[in-house]
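S.K.: File start.cif below, mmCIF, C-alpha atoms:
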data_my_file
loop_
_atom_site.label_atom_id
_atom_site.label_comp_id
_atom_site.auth_asym_id
_atom_site.auth_seq_id
_atom_site.Cartn_x
_atom_site.Cartn_y
_atom_site.Cartn_z
CA MET A 1 -5.53 -23.24 10.36
CA ASP A 2 -3.30 -23.95 13.36
CA LEU A 3 0.38 -23.03 13.25
CA LEU A 4 3.11 -22.66 15.85
CA ILE A 5 6.12 -20.45 15.10
CA LYS A 6 9.05 -21.07 17.44
CA ASN A 7 12.20 -19.11 18.28
CA ALA A 8 11.12 -15.87 16.66
CA HIS A 9 12.07 -12.23 17.13
CA ILE A 10 8.51 -10.89 17.23
CA ILE A 11 8.01 -7.26 16.27
CA ASP A 12 5.01 -5.05 15.58
CA SER A 13 4.27 -1.36 16.15
CA TYR A 14 4.84 -1.74 19.89
CA MET A 15 6.24 -5.21 20.51
CA ASP A 16 9.86 -6.41 20.61
CA PHE A 17 9.87 -9.93 22.00
CA TYR A 18 11.83 -13.17 21.57
CA GLY A 19 9.67 -16.25 21.78
CA ASP A 20 6.88 -18.23 20.17
CA LEU A 21 3.66 -17.37 18.36
CA TYR A 22 0.63 -19.66 18.12
CA ILE A 23 -2.05 -19.20 15.47
CA LYS A 24 -5.25 -21.14 16.14
CA GLU A 25 -8.07 -21.47 13.61
CA GLY A 26 -6.54 -18.68 11.55
CA LYS A 27 -6.31 -16.15 14.39
CA ILE A 28 -3.43 -15.16 16.63
CA TYR A 29 -4.05 -17.05 19.86
CA SER A 30 -1.02 -16.61 22.09
CA ILE A 31 2.51 -15.23 22.33
CA GLY A 32 4.95 -16.59 24.88
CA ASN A 33 7.98 -18.70 25.67
CA ASN A 34 8.31 -22.46 25.28
CA LEU A 35 4.82 -22.86 23.81
CA SER A 36 3.96 -26.47 23.01
CA VAL A 37 1.07 -27.34 20.69
CA ASN A 38 0.42 -30.43 18.59
CA CYS A 39 0.17 -28.76 15.18
CA GLU A 40 2.31 -27.73 12.22
CA THR A 41 5.41 -26.01 13.58
CA ILE A 42 7.91 -23.63 11.97
CA ASP A 43 11.27 -22.92 13.57
CA ALA A 44 11.95 -19.23 12.82
CA ASP A 45 15.56 -19.74 13.94
CA GLY A 46 15.80 -16.22 15.35
CA LYS A 47 14.41 -14.55 12.23
CA THR A 48 12.05 -11.58 12.54
CA VAL A 49 8.30 -12.21 12.67
CA MET A 50 6.08 -9.22 11.90
CA PRO A 51 2.45 -8.61 10.99
CA SER A 52 1.93 -9.06 7.25
CA PHE A 53 1.98 -5.91 5.17
CA ILE A 54 -1.10 -4.13 3.83
CA ASP A 55 -0.94 -1.95 0.73
CA THR A 56 -3.15 1.12 0.63
CA HIS A 57 -2.45 1.67 -3.06
CA ALA A 58 -1.96 -0.85 -5.89
CA HIS A 59 -2.99 -1.53 -9.49
CA PHE A 60 -3.67 -5.09 -10.68
CA ARG A 61 -4.96 -3.95 -14.13
CA ASP A 62 -7.90 -6.36 -14.01
CA PRO A 63 -10.25 -6.07 -15.87
CA GLY A 64 -9.04 -4.68 -19.19
CA PHE A 65 -5.24 -4.60 -19.03
CA THR A 66 -4.42 -8.16 -18.01
CA TYR A 67 -1.41 -8.33 -20.32
CA LYS A 68 0.26 -6.14 -17.67
CA GLU A 69 -1.11 -7.85 -14.53
CA ASP A 70 -4.18 -9.69 -13.30
CA ILE A 71 -5.71 -10.62 -9.97
CA GLU A 72 -3.76 -13.88 -9.74
CA THR A 73 -0.30 -12.58 -10.68
CA GLY A 74 -0.80 -9.42 -8.64
CA SER A 75 -1.77 -11.54 -5.65
CA MET A 76 1.32 -13.70 -6.14
CA ALA A 77 3.50 -10.59 -6.27
CA ALA A 78 1.86 -9.31 -3.10
CA ALA A 79 2.39 -12.60 -1.25
CA ARG A 80 6.03 -12.69 -2.33
CA GLY A 81 6.47 -9.20 -0.90
CA GLY A 82 4.87 -10.07 2.44
CA TYR A 83 1.44 -8.58 1.72
CA THR A 84 -1.83 -10.31 2.59
CA ALA A 85 -4.15 -7.42 1.71
CA VAL A 86 -4.16 -4.72 -0.96
CA ASP A 87 -6.39 -1.79 -1.89
CA LEU A 88 -6.84 -1.76 -5.67
CA MET A 89 -7.39 1.39 -7.69
CA ALA A 90 -10.39 1.75 -9.98
CA ASN A 91 -8.78 2.86 -13.27
CA THR A 92 -9.35 -0.44 -15.02
CA LYS A 93 -11.24 -1.02 -18.28
CA PRO A 94 -14.08 -0.68 -17.70
CA VAL A 95 -13.40 1.51 -14.68
CA CYS A 96 -14.93 0.40 -11.40
CA SER A 97 -18.00 2.63 -11.34
CA SER A 98 -20.51 -0.20 -11.23
CA ARG A 99 -21.46 -3.10 -9.01
CA GLU A 100 -20.77 -5.40 -11.97
CA VAL A 101 -17.06 -4.52 -12.07
CA LEU A 102 -16.80 -4.48 -8.27
CA ASN A 103 -18.27 -7.98 -8.05
CA TYR A 104 -16.03 -9.20 -10.89
CA VAL A 105 -12.93 -8.28 -8.89
CA LYS A 106 -14.32 -9.68 -5.64
CA GLU A 107 -15.28 -12.99 -7.24
CA LYS A 108 -11.93 -13.37 -8.99
CA ALA A 109 -10.09 -12.62 -5.75
CA GLU A 110 -12.14 -15.22 -3.88
CA LYS A 111 -11.42 -17.79 -6.57
CA CYS A 112 -7.71 -17.01 -6.39
CA ASN A 113 -7.86 -17.43 -2.58
CA LEU A 114 -4.45 -15.96 -1.89
CA ILE A 115 -4.79 -12.47 -0.35
CA ASP A 116 -7.57 -10.09 0.71
CA ILE A 117 -8.48 -7.51 -1.91
CA ILE A 118 -10.30 -4.25 -1.33
CA GLN A 119 -11.48 -2.73 -4.60
CA CYS A 120 -11.91 1.03 -4.88
CA VAL A 121 -14.95 2.50 -6.59
CA THR A 122 -14.46 5.68 -8.61
CA VAL A 123 -15.19 9.07 -7.09
CA SER A 124 -16.78 10.31 -10.30
CA LYS A 125 -18.90 8.22 -12.66
CA ASP A 126 -16.62 6.53 -15.23
CA MET A 127 -13.79 8.79 -14.00
CA GLU A 128 -15.16 11.59 -16.19
CA GLY A 129 -15.15 14.11 -13.33
CA LYS A 130 -18.74 15.24 -13.89
CA THR A 131 -21.03 13.52 -11.40
CA THR A 132 -21.07 11.26 -8.33
CA SER A 133 -24.55 9.87 -9.05
CA HIS A 134 -23.25 6.30 -9.39
CA LEU A 135 -22.22 6.29 -5.72
CA ASP A 136 -25.89 6.29 -4.72
CA GLU A 137 -26.24 2.81 -6.25
CA PHE A 138 -23.89 1.19 -3.73
CA ASP A 139 -24.76 -0.02 -0.25
CA LYS A 140 -22.58 1.55 2.42
CA ASP A 141 -21.13 -1.83 3.44
CA GLU A 142 -20.01 -2.99 -0.03
CA VAL A 143 -17.54 -0.12 -0.53
CA ARG A 144 -14.64 0.96 1.67
CA VAL A 145 -12.63 3.35 -0.50
CA ILE A 146 -13.43 5.67 -3.39
CA SER A 147 -10.80 7.15 -5.69
CA ASP A 148 -10.18 8.52 -9.17
CA ASP A 149 -6.50 7.62 -8.84
CA GLY A 150 -4.62 7.94 -12.08
CA ARG A 151 -6.50 11.08 -13.01
CA GLY A 152 -7.79 12.97 -10.00
CA VAL A 153 -10.97 15.03 -9.75
CA ALA A 154 -10.66 18.45 -11.37
CA ASP A 155 -14.08 19.83 -10.40
CA SER A 156 -14.03 20.97 -6.77
CA LYS A 157 -17.81 20.72 -6.40
CA VAL A 158 -17.76 17.11 -7.61
CA MET A 159 -15.06 16.29 -5.08
CA MET A 160 -17.00 18.01 -2.30
CA ASP A 161 -20.16 16.07 -3.20
CA ALA A 162 -18.17 12.84 -3.09
CA MET A 163 -16.73 13.72 0.30
CA TYR A 164 -20.15 14.37 1.77
CA LYS A 165 -21.39 11.01 0.45
CA ALA A 166 -18.27 9.29 1.75
CA LYS A 167 -18.73 10.80 5.20
CA LYS A 168 -22.36 9.66 5.29
CA ASN A 169 -21.41 6.10 4.34
CA GLY A 170 -18.18 5.80 6.31
CA TRP A 171 -16.02 5.51 3.19
CA LEU A 172 -12.43 6.65 2.79
CA VAL A 173 -11.67 9.11 -0.03
CA LEU A 174 -8.27 8.47 -1.61
CA SER A 175 -6.95 11.47 -3.52
CA HIS A 176 -4.63 11.49 -6.51
CA ALA A 177 -3.39 15.06 -6.16
CA GLU A 178 -2.76 16.47 -9.62
CA SER A 179 -4.13 19.68 -11.11
CA LYS A 180 -4.03 18.68 -14.78
CA GLU A 181 -3.71 22.25 -16.04
CA PHE A 182 -0.16 22.24 -14.67
CA SER A 183 0.82 18.66 -15.53
CA ASP A 184 2.58 19.43 -18.80
CA THR A 185 4.72 22.20 -17.35
CA ASP A 186 5.04 21.92 -13.57
CA MET A 187 4.27 18.65 -11.79
CA ARG A 188 5.27 20.14 -8.44
CA THR A 189 2.61 22.83 -8.68
CA ALA A 190 0.16 20.24 -10.00
CA GLU A 191 0.53 18.15 -6.84
CA ASN A 192 0.69 21.06 -4.44
CA MET A 193 -2.41 22.87 -5.72
CA MET A 194 -4.60 19.78 -5.62
CA THR A 195 -3.31 18.75 -2.21
CA LEU A 196 -4.19 22.14 -0.76
CA ARG A 197 -7.67 21.99 -2.29
CA ASP A 198 -8.44 18.48 -1.08
CA VAL A 199 -7.25 18.93 2.50
CA THR A 200 -9.28 22.15 2.60
CA LEU A 201 -12.39 20.28 1.42
CA ALA A 202 -11.77 17.55 3.99
CA GLY A 203 -11.75 20.21 6.69
CA ILE A 204 -15.05 21.60 5.43
CA THR A 205 -16.88 18.29 4.89
CA GLY A 206 -15.46 16.24 7.75
CA ALA A 207 -14.77 13.38 5.36
CA LYS A 208 -11.90 10.94 5.87
CA LEU A 209 -9.32 11.82 3.23
CA HIS A 210 -6.24 9.79 2.38
CA MET A 211 -3.61 11.59 0.29
CA ALA A 212 -1.91 9.12 -2.03
CA HIS A 213 1.76 9.05 -3.03
CA VAL A 214 2.69 12.36 -1.38
CA SER A 215 6.02 13.45 -2.86
CA THR A 216 6.74 17.16 -2.30
CA LYS A 217 7.70 19.00 0.87
CA GLU A 218 4.98 21.61 0.20
CA ALA A 219 2.23 18.99 -0.16
CA MET A 220 3.35 17.26 3.02
CA GLN A 221 3.34 20.59 4.86
CA TYR A 222 -0.27 21.23 3.76
CA ILE A 223 -1.16 17.81 5.15
CA ILE A 224 0.67 18.49 8.41
CA ASP A 225 -1.21 21.78 8.76
CA ALA A 226 -4.53 20.02 8.13
CA LYS A 227 -3.72 17.34 10.70
CA ASN A 228 -2.84 20.00 13.25
CA LYS A 229 -6.26 21.55 12.61
CA LYS A 230 -7.83 18.13 13.39
CA ALA A 231 -9.03 17.44 9.84
CA HIS A 232 -9.53 13.72 9.13
CA VAL A 233 -6.57 13.56 6.76
CA THR A 234 -4.05 10.75 6.43
CA ALA A 235 -0.97 10.56 4.22
CA GLU A 236 0.77 7.87 2.24
CA VAL A 237 4.27 7.84 0.78
CA THR A 238 5.71 5.32 -1.64
CA PRO A 239 8.95 3.36 -1.24
CA HIS A 240 10.41 5.01 -4.34
CA HIS A 241 9.67 8.55 -3.15
CA ILE A 242 11.66 7.97 0.05
CA ALA A 243 14.50 5.94 -1.47
CA LEU A 244 15.24 7.76 -4.76
CA THR A 245 16.14 11.34 -5.63
CA SER A 246 15.96 13.06 -8.99
CA ASP A 247 19.71 13.66 -9.15
CA VAL A 248 20.38 9.92 -9.35
CA CYS A 249 17.18 8.53 -10.90
CA ASN A 250 14.89 9.89 -13.61
CA TYR A 251 12.66 6.81 -13.85
CA ARG A 252 9.21 7.95 -15.00
CA VAL A 253 6.55 7.72 -12.32
CA ASN A 254 3.61 9.94 -11.44
CA PRO A 255 4.20 11.94 -9.31
CA PRO A 256 7.85 12.17 -10.37
CA ILE A 257 10.92 11.25 -8.37
CA ARG A 258 11.59 14.43 -6.39
CA GLU A 259 14.53 16.46 -5.14
CA LYS A 260 16.75 15.46 -2.21
CA GLU A 261 15.19 18.14 0.02
CA ASP A 262 11.72 16.68 -0.62
CA VAL A 263 12.89 13.19 0.34
CA GLU A 264 14.51 14.53 3.51
CA PHE A 265 11.28 16.35 4.41
CA LEU A 266 9.19 13.20 3.89
CA ILE A 267 11.50 11.11 6.04
CA ASP A 268 11.43 13.76 8.77
CA ALA A 269 7.62 13.71 8.57
CA ILE A 270 7.73 9.94 9.02
CA LYS A 271 9.87 10.31 12.13
CA LYS A 272 7.50 12.93 13.55
CA GLY A 273 4.43 10.75 12.98
CA TYR A 274 2.76 12.74 10.20
CA VAL A 275 2.94 9.95 7.60
CA ASP A 276 0.41 7.19 8.15
CA THR A 277 1.08 4.50 5.56
CA ILE A 278 3.44 3.17 2.94
CA GLY A 279 1.56 2.62 -0.33
CA THR A 280 3.50 0.89 -3.11
CA ASP A 281 1.56 2.36 -6.05
CA HIS A 282 2.36 -0.97 -7.72
CA ALA A 283 1.77 -0.04 -11.37
CA PRO A 284 2.69 -2.80 -13.83
CA HIS A 285 3.41 -2.00 -17.49
CA SER A 286 4.57 -4.12 -20.39
CA LYS A 287 8.05 -3.40 -21.73
CA GLU A 288 6.47 -1.88 -24.84
CA ASP A 289 4.14 0.41 -22.89
CA LYS A 290 6.99 1.51 -20.63
CA ALA A 291 9.21 2.22 -23.64
CA ASN A 292 6.40 4.38 -25.01
CA GLY A 293 6.40 6.54 -21.88
CA ALA A 294 3.82 4.98 -19.53
CA PRO A 295 4.44 6.31 -15.98
CA GLY A 296 4.68 3.93 -13.06
CA MET A 297 6.62 1.06 -11.55
CA ILE A 298 5.93 -2.21 -9.79
CA GLY A 299 6.62 -2.25 -6.08
CA LEU A 300 5.01 -5.04 -4.10
CA GLU A 301 7.90 -7.51 -4.20
CA THR A 302 10.57 -4.99 -3.20
CA ALA A 303 8.66 -2.61 -0.91
CA PHE A 304 9.79 -4.04 2.41
CA SER A 305 13.43 -4.31 1.36
CA VAL A 306 13.44 -0.77 -0.07
CA CYS A 307 11.81 0.71 3.03
CA TYR A 308 13.93 -1.29 5.47
CA THR A 309 17.09 -0.22 3.64
CA ALA A 310 16.11 3.45 3.17
CA LEU A 311 14.42 4.08 6.49
CA VAL A 312 15.75 1.69 9.10
CA LYS A 313 19.31 1.12 7.88
CA MET A 314 20.02 4.57 6.44
CA HIS A 315 17.89 6.98 8.49
CA ASP A 316 17.48 5.33 11.91
CA VAL A 317 13.71 4.89 11.67
CA SER A 318 12.75 2.12 14.09
CA ILE A 319 11.56 -1.23 12.80
CA ASN A 320 8.48 -0.68 14.99
CA LYS A 321 7.68 2.52 13.11
CA LEU A 322 8.09 0.69 9.80
CA SER A 323 5.67 -1.98 11.01
CA SER A 324 3.16 0.75 11.87
CA LEU A 325 3.49 2.27 8.38
CA MET A 326 3.22 -1.02 6.51
CA SER A 327 0.81 -2.95 8.73
CA GLU A 328 -1.02 -1.35 11.66
CA LYS A 329 -2.10 1.98 10.15
CA PRO A 330 -3.10 0.57 6.73
CA ALA A 331 -5.23 -2.02 8.51
CA GLU A 332 -6.95 0.69 10.53
CA LEU A 333 -7.67 2.77 7.43
CA LEU A 334 -9.05 -0.19 5.48
CA LYS A 335 -10.98 -1.59 8.47
CA LEU A 336 -9.13 -4.90 8.56
CA ASN A 337 -8.54 -7.14 11.57
CA LYS A 338 -4.83 -7.25 10.81
CA GLY A 339 -1.63 -5.32 11.34
CA ARG A 340 -0.75 -6.23 14.95
CA ILE A 341 0.52 -9.33 16.69
CA VAL A 342 -2.24 -9.41 19.26
CA PRO A 343 -4.54 -12.30 20.25
CA GLY A 344 -7.75 -12.17 18.20
CA TYR A 345 -6.17 -10.54 15.16
CA ASP A 346 -5.93 -12.44 11.87
CA GLY A 347 -3.01 -14.84 11.74
CA ASP A 348 -1.37 -12.90 8.92
CA ILE A 349 2.38 -12.97 9.50
CA VAL A 350 5.65 -12.29 7.69
CA ILE A 351 8.96 -13.95 8.50
CA ALA A 352 11.88 -11.80 7.36
CA ASP A 353 15.64 -12.07 7.39
CA LEU A 354 16.78 -8.55 8.26
CA ASP A 355 20.45 -9.33 7.65
CA TYR A 356 19.94 -10.74 4.16
CA LYS A 357 21.44 -8.64 1.37
CA TYR A 358 20.52 -9.26 -2.24
CA THR A 359 20.63 -7.65 -5.65
CA VAL A 360 17.18 -7.28 -7.22
CA SER A 361 16.72 -9.29 -10.41
CA GLU A 362 13.76 -10.41 -12.49
CA LYS A 363 13.78 -13.77 -10.67
CA ASP A 364 12.68 -11.85 -7.56
CA LEU A 365 9.45 -10.80 -9.31
CA ALA A 366 6.17 -12.70 -9.50
CA SER A 367 4.47 -9.88 -11.38
CA LYS A 368 3.85 -10.15 -15.13
CA SER A 369 5.81 -6.91 -15.45
CA CYS A 370 9.35 -5.93 -14.50
CA ASN A 371 9.21 -2.13 -14.73
CA THR A 372 11.25 -1.05 -11.72
CA PRO A 373 14.36 1.10 -11.28
CA PHE A 374 15.48 -1.19 -8.45
CA LEU A 375 16.63 -3.95 -10.81
CA GLY A 376 20.35 -4.38 -10.16
CA LYS A 377 20.21 -2.50 -6.84
CA GLU A 378 21.43 -4.08 -3.60
CA LEU A 379 18.87 -4.07 -0.81
CA CYS A 380 18.86 -5.31 2.77
CA GLY A 381 16.10 -7.30 4.45
CA LYS A 382 14.12 -9.98 2.66
CA VAL A 383 10.74 -11.65 3.14
CA ILE A 384 11.31 -15.38 3.39
CA MET A 385 7.77 -16.48 4.26
CA THR A 386 4.26 -15.03 4.14
CA ILE A 387 1.45 -16.57 6.18
CA LYS A 388 -2.25 -15.76 5.87
CA ASN A 389 -4.70 -17.02 8.50
CA GLY A 390 -2.12 -19.59 9.55
CA ARG A 391 -1.56 -20.85 5.97
CA VAL A 392 1.80 -20.41 4.24
CA ILE A 393 1.11 -18.59 0.95
CA TYR A 394 4.72 -17.83 0.04
CA LYS A 395 8.04 -19.43 0.96
CA ALA A 396 11.37 -18.37 -0.48
CA MET A 397 13.30 -21.13 -2.21
CA GLU A 398 16.73 -22.00 -0.86
CA GLU A 399 18.46 -20.76 -4.03
CA GLU A 400 16.95 -17.32 -3.58
#
Give the structure from this file in C-alpha cells form.

M.R.:
Amino acid sequence: MDLLIKNAHIIDSYMDFYGDLYIKEGKIYSIGNNLSVNCETIDADGKTVMPSFIDTHAHFRDPGFTYKEDIETGSMAAARGGYTAVDLMANTKPVCSSREVLNYVKEKAEKCNLIDIIQCVTVSKDMEGKTTSHLDEFDKDEVRVISDDGRGVADSKVMMDAMYKAKKNGWLVLSHAESKEFSDTDMRTAENMMTLRDVTLAGITGAKLHMAHVSTKEAMQYIIDAKNKKAHVTAEVTPHHIALTSDVCNYRVNPPIREKEDVEFLIDAIKKGYVDTIGTDHAPHSKEDKANGAPGMIGLETAFSVCYTALVKMHDVSINKLSSLMSEKPAELLKLNKGRIVPGYDGDIVIADLDYKYTVSEKDLASKSCNTPFLGKELCGKVIMTIKNGRVIYKAMEEE
C-alpha cells in the first residue's frame, strides 16, 4: 500500500529528522522534505515517527489456553502497543514440538492478517528436557527460534545438543534461565546458575544464544563477560525489570521483580550497549489464574510507554537507543526486514506522542487479560497509530 506521512519527527536508531516519509507498495521508499505524492496522506503534525516495535518474547496462549489470549486478541494488543511482529513462546497446549502445531499458529496468524508472528519450536521434545530428536523433523527454513521458555532445559547435554543443531540450521536459541533445583528457595541463584551454564555452552558450541528476561546484576555480568569473549550471546530485558523494584512492587512474575541495585545495573548495561532487545514477556492470565498464583503479566500495550518513561525520561537513555532496543536489534535477531527507517525496509511505522501523559486503565488494553501492575500508574509517551506495510492497523480514538 502507498502512504505519505507529512510533518513528522522521524527517529530510528541513527536518524533524527523533521520531514516526510513515503511508503510505496508496502516498503519505505523515500524520506525528505516537501514530498508530494498522490496517495493516502497522514499529517503527523510534528509527532514522532519511529520504526514499529518487534517483540522477542511473548505468549499468546494459542493453542490450549485461549481463555487467556489467542492469536487474534494478542495481535490486537500488539498493534495497539506499536508492534508489528512478535516472537511467540512454545509452551502452549500442546506445546510446539511438531510441524502440526507450528502450522496451526502460522495459518491462524495469516488468517488474522494483522501482525507478523514468529513461532518458537521447543528445544526439547514436548518440553520434557530429555531429547532434541524432534528438531530433526524440521526444515532449517521453517524455524527461526527454539526455546523451552517457561521451564528451561535442566540437562546440560540436551541443551548442548540443541545448540549444535541450532548452529547447523542457523536458528536462534532463546534461554529461560532457571535452575529448578533452586526455584523454591532462591530465584536469584536459579537465574544466575543457568545463565552461567548457557553462556558457557554458547561459547563452546558457537551457537547464537539469546538470554531472555535477564533480571539480576550477576546474570548480566556473565553475559557481558561472554560478549567480551566474542561468544554469540545476546540479552533481553523486560519493561517491568527496568521500571519496577522489589521495595515498591511485589507483583508475581518469573523471574521476580528485583532489587534496586539490579535495576541500576541493567540500565547501566543498556547505556553501555550490552543489552540488545526489550522483550515484553507478555504473559496473559485470567483473574482466577492470577489469584491462584500464576506468574506473569501482560506487557505489549504498555511496553513503549513504560520504557520511554523509565529509560528516556528518568535515566537519560536516548530515544535512538530505545528504538534500537525495540526495533532494530530485534529485527536483526529474528531476520526481519524491519526496524529501521531506510528505503527498502518494510513500511512498518509507529506514530507516537512523546508528550502525552496518561494513567493506565483497562480501556487501554486489547488483551483478553488485564494482569499488570501498571494499572493506575501514570506513564509518558503513547502510541497513537501503528502502520504495517503502509496499512493502518491501529489508530487511537480521540477520547483516549

S.K.: Report, in Å to a single decimal, how far apart atom CA of Arg151 of chain A and atom CA of His176 of chain A are.

M.R.: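 Result for atom CA of His176 of chain A versus atom CA of Arg151 of chain A: 6.8 Å, one decimal.
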
S.K.: Can you list, as a ChimeraX atom specification, every protein, DNA or RNA residue that comes within 7 Å of segment 364-380 of chain A when you count all atoms listed in the file, leaving out same-chain residues fewer than 4 positions away?

M.R.: /A:68-69,73-74,76-77,251,284-286,297-298,301,305-306,308-309,354-360

S.K.: Point out the residue among A:Ile270, A:Leu3, A:Met89, A:Ala58 with the least atom-to-atom distance to Ser36 of chain A, counting all atoms listed in the file.

M.R.: A:Leu3

S.K.: Apply the PyMOL selection byres ((chain A and resi 236) around 6) to the displayed file and report the matching residues as a list in words.

M.R.: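 When the PyMOL selection byres ((chain A and resi 236) around 6) is applied to the shown file, the picked residues are Ala212, His213, Ala235, Val237, Asp276, Thr277, Ile278 and Gly279 of chain A.
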
S.K.: Residues picked by the PyMOL selection byres ((chain A and resi 170-174) around 10) here, as a PyMOL selection string?

M.R.: chain A and resi 56-57+89+120-123+140-149+152+159+162-169+175-177+198+202+207-212+232-236+333-334

S.K.: Write out the residues from the selection above, keeping C-alpha atoms, as a tab-separated table (two decimals), in the frame of the given file.

M.R.:
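Wrote again12.tsv, looks like this:
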chain	number	residue	atom	x	y	z
A	56	THR	CA	-3.15	1.12	0.63
A	57	HIS	CA	-2.45	1.67	-3.06
A	89	MET	CA	-7.39	1.39	-7.69
A	120	CYS	CA	-11.91	1.03	-4.88
A	121	VAL	CA	-14.95	2.50	-6.59
A	122	THR	CA	-14.46	5.68	-8.61
A	123	VAL	CA	-15.19	9.07	-7.09
A	140	LYS	CA	-22.58	1.55	2.42
A	141	ASP	CA	-21.13	-1.83	3.44
A	142	GLU	CA	-20.01	-2.99	-0.03
A	143	VAL	CA	-17.54	-0.12	-0.53
A	144	ARG	CA	-14.64	0.96	1.67
A	145	VAL	CA	-12.63	3.35	-0.50
A	146	ILE	CA	-13.43	5.67	-3.39
A	147	SER	CA	-10.80	7.15	-5.69
A	148	ASP	CA	-10.18	8.52	-9.17
A	149	ASP	CA	-6.50	7.62	-8.84
A	152	GLY	CA	-7.79	12.97	-10.00
A	159	MET	CA	-15.06	16.29	-5.08
A	162	ALA	CA	-18.17	12.84	-3.09
A	163	MET	CA	-16.73	13.72	0.30
A	164	TYR	CA	-20.15	14.37	1.77
A	165	LYS	CA	-21.39	11.01	0.45
A	166	ALA	CA	-18.27	9.29	1.75
A	167	LYS	CA	-18.73	10.80	5.20
A	168	LYS	CA	-22.36	9.66	5.29
A	169	ASN	CA	-21.41	6.10	4.34
A	175	SER	CA	-6.95	11.47	-3.52
A	176	HIS	CA	-4.63	11.49	-6.51
A	177	ALA	CA	-3.39	15.06	-6.16
A	198	ASP	CA	-8.44	18.48	-1.08
A	202	ALA	CA	-11.77	17.55	3.99
A	207	ALA	CA	-14.77	13.38	5.36
A	208	LYS	CA	-11.90	10.94	5.87
A	209	LEU	CA	-9.32	11.82	3.23
A	210	HIS	CA	-6.24	9.79	2.38
A	211	MET	CA	-3.61	11.59	0.29
A	212	ALA	CA	-1.91	9.12	-2.03
A	232	HIS	CA	-9.53	13.72	9.13
A	233	VAL	CA	-6.57	13.56	6.76
A	234	THR	CA	-4.05	10.75	6.43
A	235	ALA	CA	-0.97	10.56	4.22
A	236	GLU	CA	0.77	7.87	2.24
A	333	LEU	CA	-7.67	2.77	7.43
A	334	LEU	CA	-9.05	-0.19	5.48

S.K.: For the file shown, what are the residues hit by the PyMOL selection byres ((chain A and resi 18) around 10), laid out as a ChimeraX atom specification?

M.R.: /A:6-11,15-17,19-21,31-33,46-49

S.K.: Expressed in Å to a single decimal, how great is the separation between atom CA of Met314 of chain A and atom CA of Ser361 of chain A?

M.R.: 22.1 Å

S.K.: In terms of the shortest atom-to-atom distance over all atoms listed in the file, which of A:Ser75, A:Ile224, A:Thr84, A:Ala190 is closest to Gly390 of chain A?

M.R.: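 Using all atoms listed in the file, Gly390 of chain A sits closest to A:Thr84.
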
S.K.: One decimal, Å: what's the distance from atom CA of Pro256 of chain A over to atom CA of Asn91 of chain A, could you say?

M.R.: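 Going from atom CA of Pro256 of chain A over to atom CA of Asn91 of chain A covers 19.3 Å.
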
S.K.: Name the residues within 12 Å of (-1.1, 23.0, 6.7), counting only C-alpha atoms in the file's coordinates, and put them as an mmCIF file with C-alpha atoms, in the frame of the given file.

M.R.:
data_model
loop_
_atom_site.group_PDB
_atom_site.id
_atom_site.type_symbol
_atom_site.label_atom_id
_atom_site.label_comp_id
_atom_site.auth_asym_id
_atom_site.auth_seq_id
_atom_site.Cartn_x
_atom_site.Cartn_y
_atom_site.Cartn_z
ATOM 1 C CA ASN A 192 0.690 21.060 -4.440
ATOM 2 C CA THR A 195 -3.310 18.750 -2.210
ATOM 3 C CA LEU A 196 -4.190 22.140 -0.760
ATOM 4 C CA ARG A 197 -7.670 21.990 -2.290
ATOM 5 C CA ASP A 198 -8.440 18.480 -1.080
ATOM 6 C CA VAL A 199 -7.250 18.930 2.500
ATOM 7 C CA THR A 200 -9.280 22.150 2.600
ATOM 8 C CA GLY A 203 -11.750 20.210 6.690
ATOM 9 C CA LYS A 217 7.700 19.000 0.870
ATOM 10 C CA GLU A 218 4.980 21.610 0.200
ATOM 11 C CA ALA A 219 2.230 18.990 -0.160
ATOM 12 C CA MET A 220 3.350 17.260 3.020
ATOM 13 C CA GLN A 221 3.340 20.590 4.860
ATOM 14 C CA TYR A 222 -0.270 21.230 3.760
ATOM 15 C CA ILE A 223 -1.160 17.810 5.150
ATOM 16 C CA ILE A 224 0.670 18.490 8.410
ATOM 17 C CA ASP A 225 -1.210 21.780 8.760
ATOM 18 C CA ALA A 226 -4.530 20.020 8.130
ATOM 19 C CA LYS A 227 -3.720 17.340 10.700
ATOM 20 C CA ASN A 228 -2.840 20.000 13.250
ATOM 21 C CA LYS A 229 -6.260 21.550 12.610
ATOM 22 C CA LYS A 230 -7.830 18.130 13.390
ATOM 23 C CA ALA A 231 -9.030 17.440 9.840
ATOM 24 C CA VAL A 233 -6.570 13.560 6.760
ATOM 25 C CA TYR A 274 2.760 12.740 10.200
#

S.K.: Between A:Lys111, A:Thr280, A:Ala44, A:Val95, which is the closest to Pro330 of chain A once you count all atoms listed in the file?

M.R.: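 Of A:Lys111, A:Thr280, A:Ala44, A:Val95, the one nearest Pro330 of chain A, counting all atoms listed in the file, is A:Thr280.
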
S.K.: Contacts of Tyr29 of chain A at 10 Å or less, counting all atoms listed in the file, minus same-chain residues fewer than 3 places along, as a list in words?

M.R.: Asp2, Leu3, Leu4, Leu21, Tyr22, Ile23, Lys24, Glu25, Gly26, Ile341, Val342, Pro343, Gly344, Tyr345, Asp346 and Gly347 of chain A
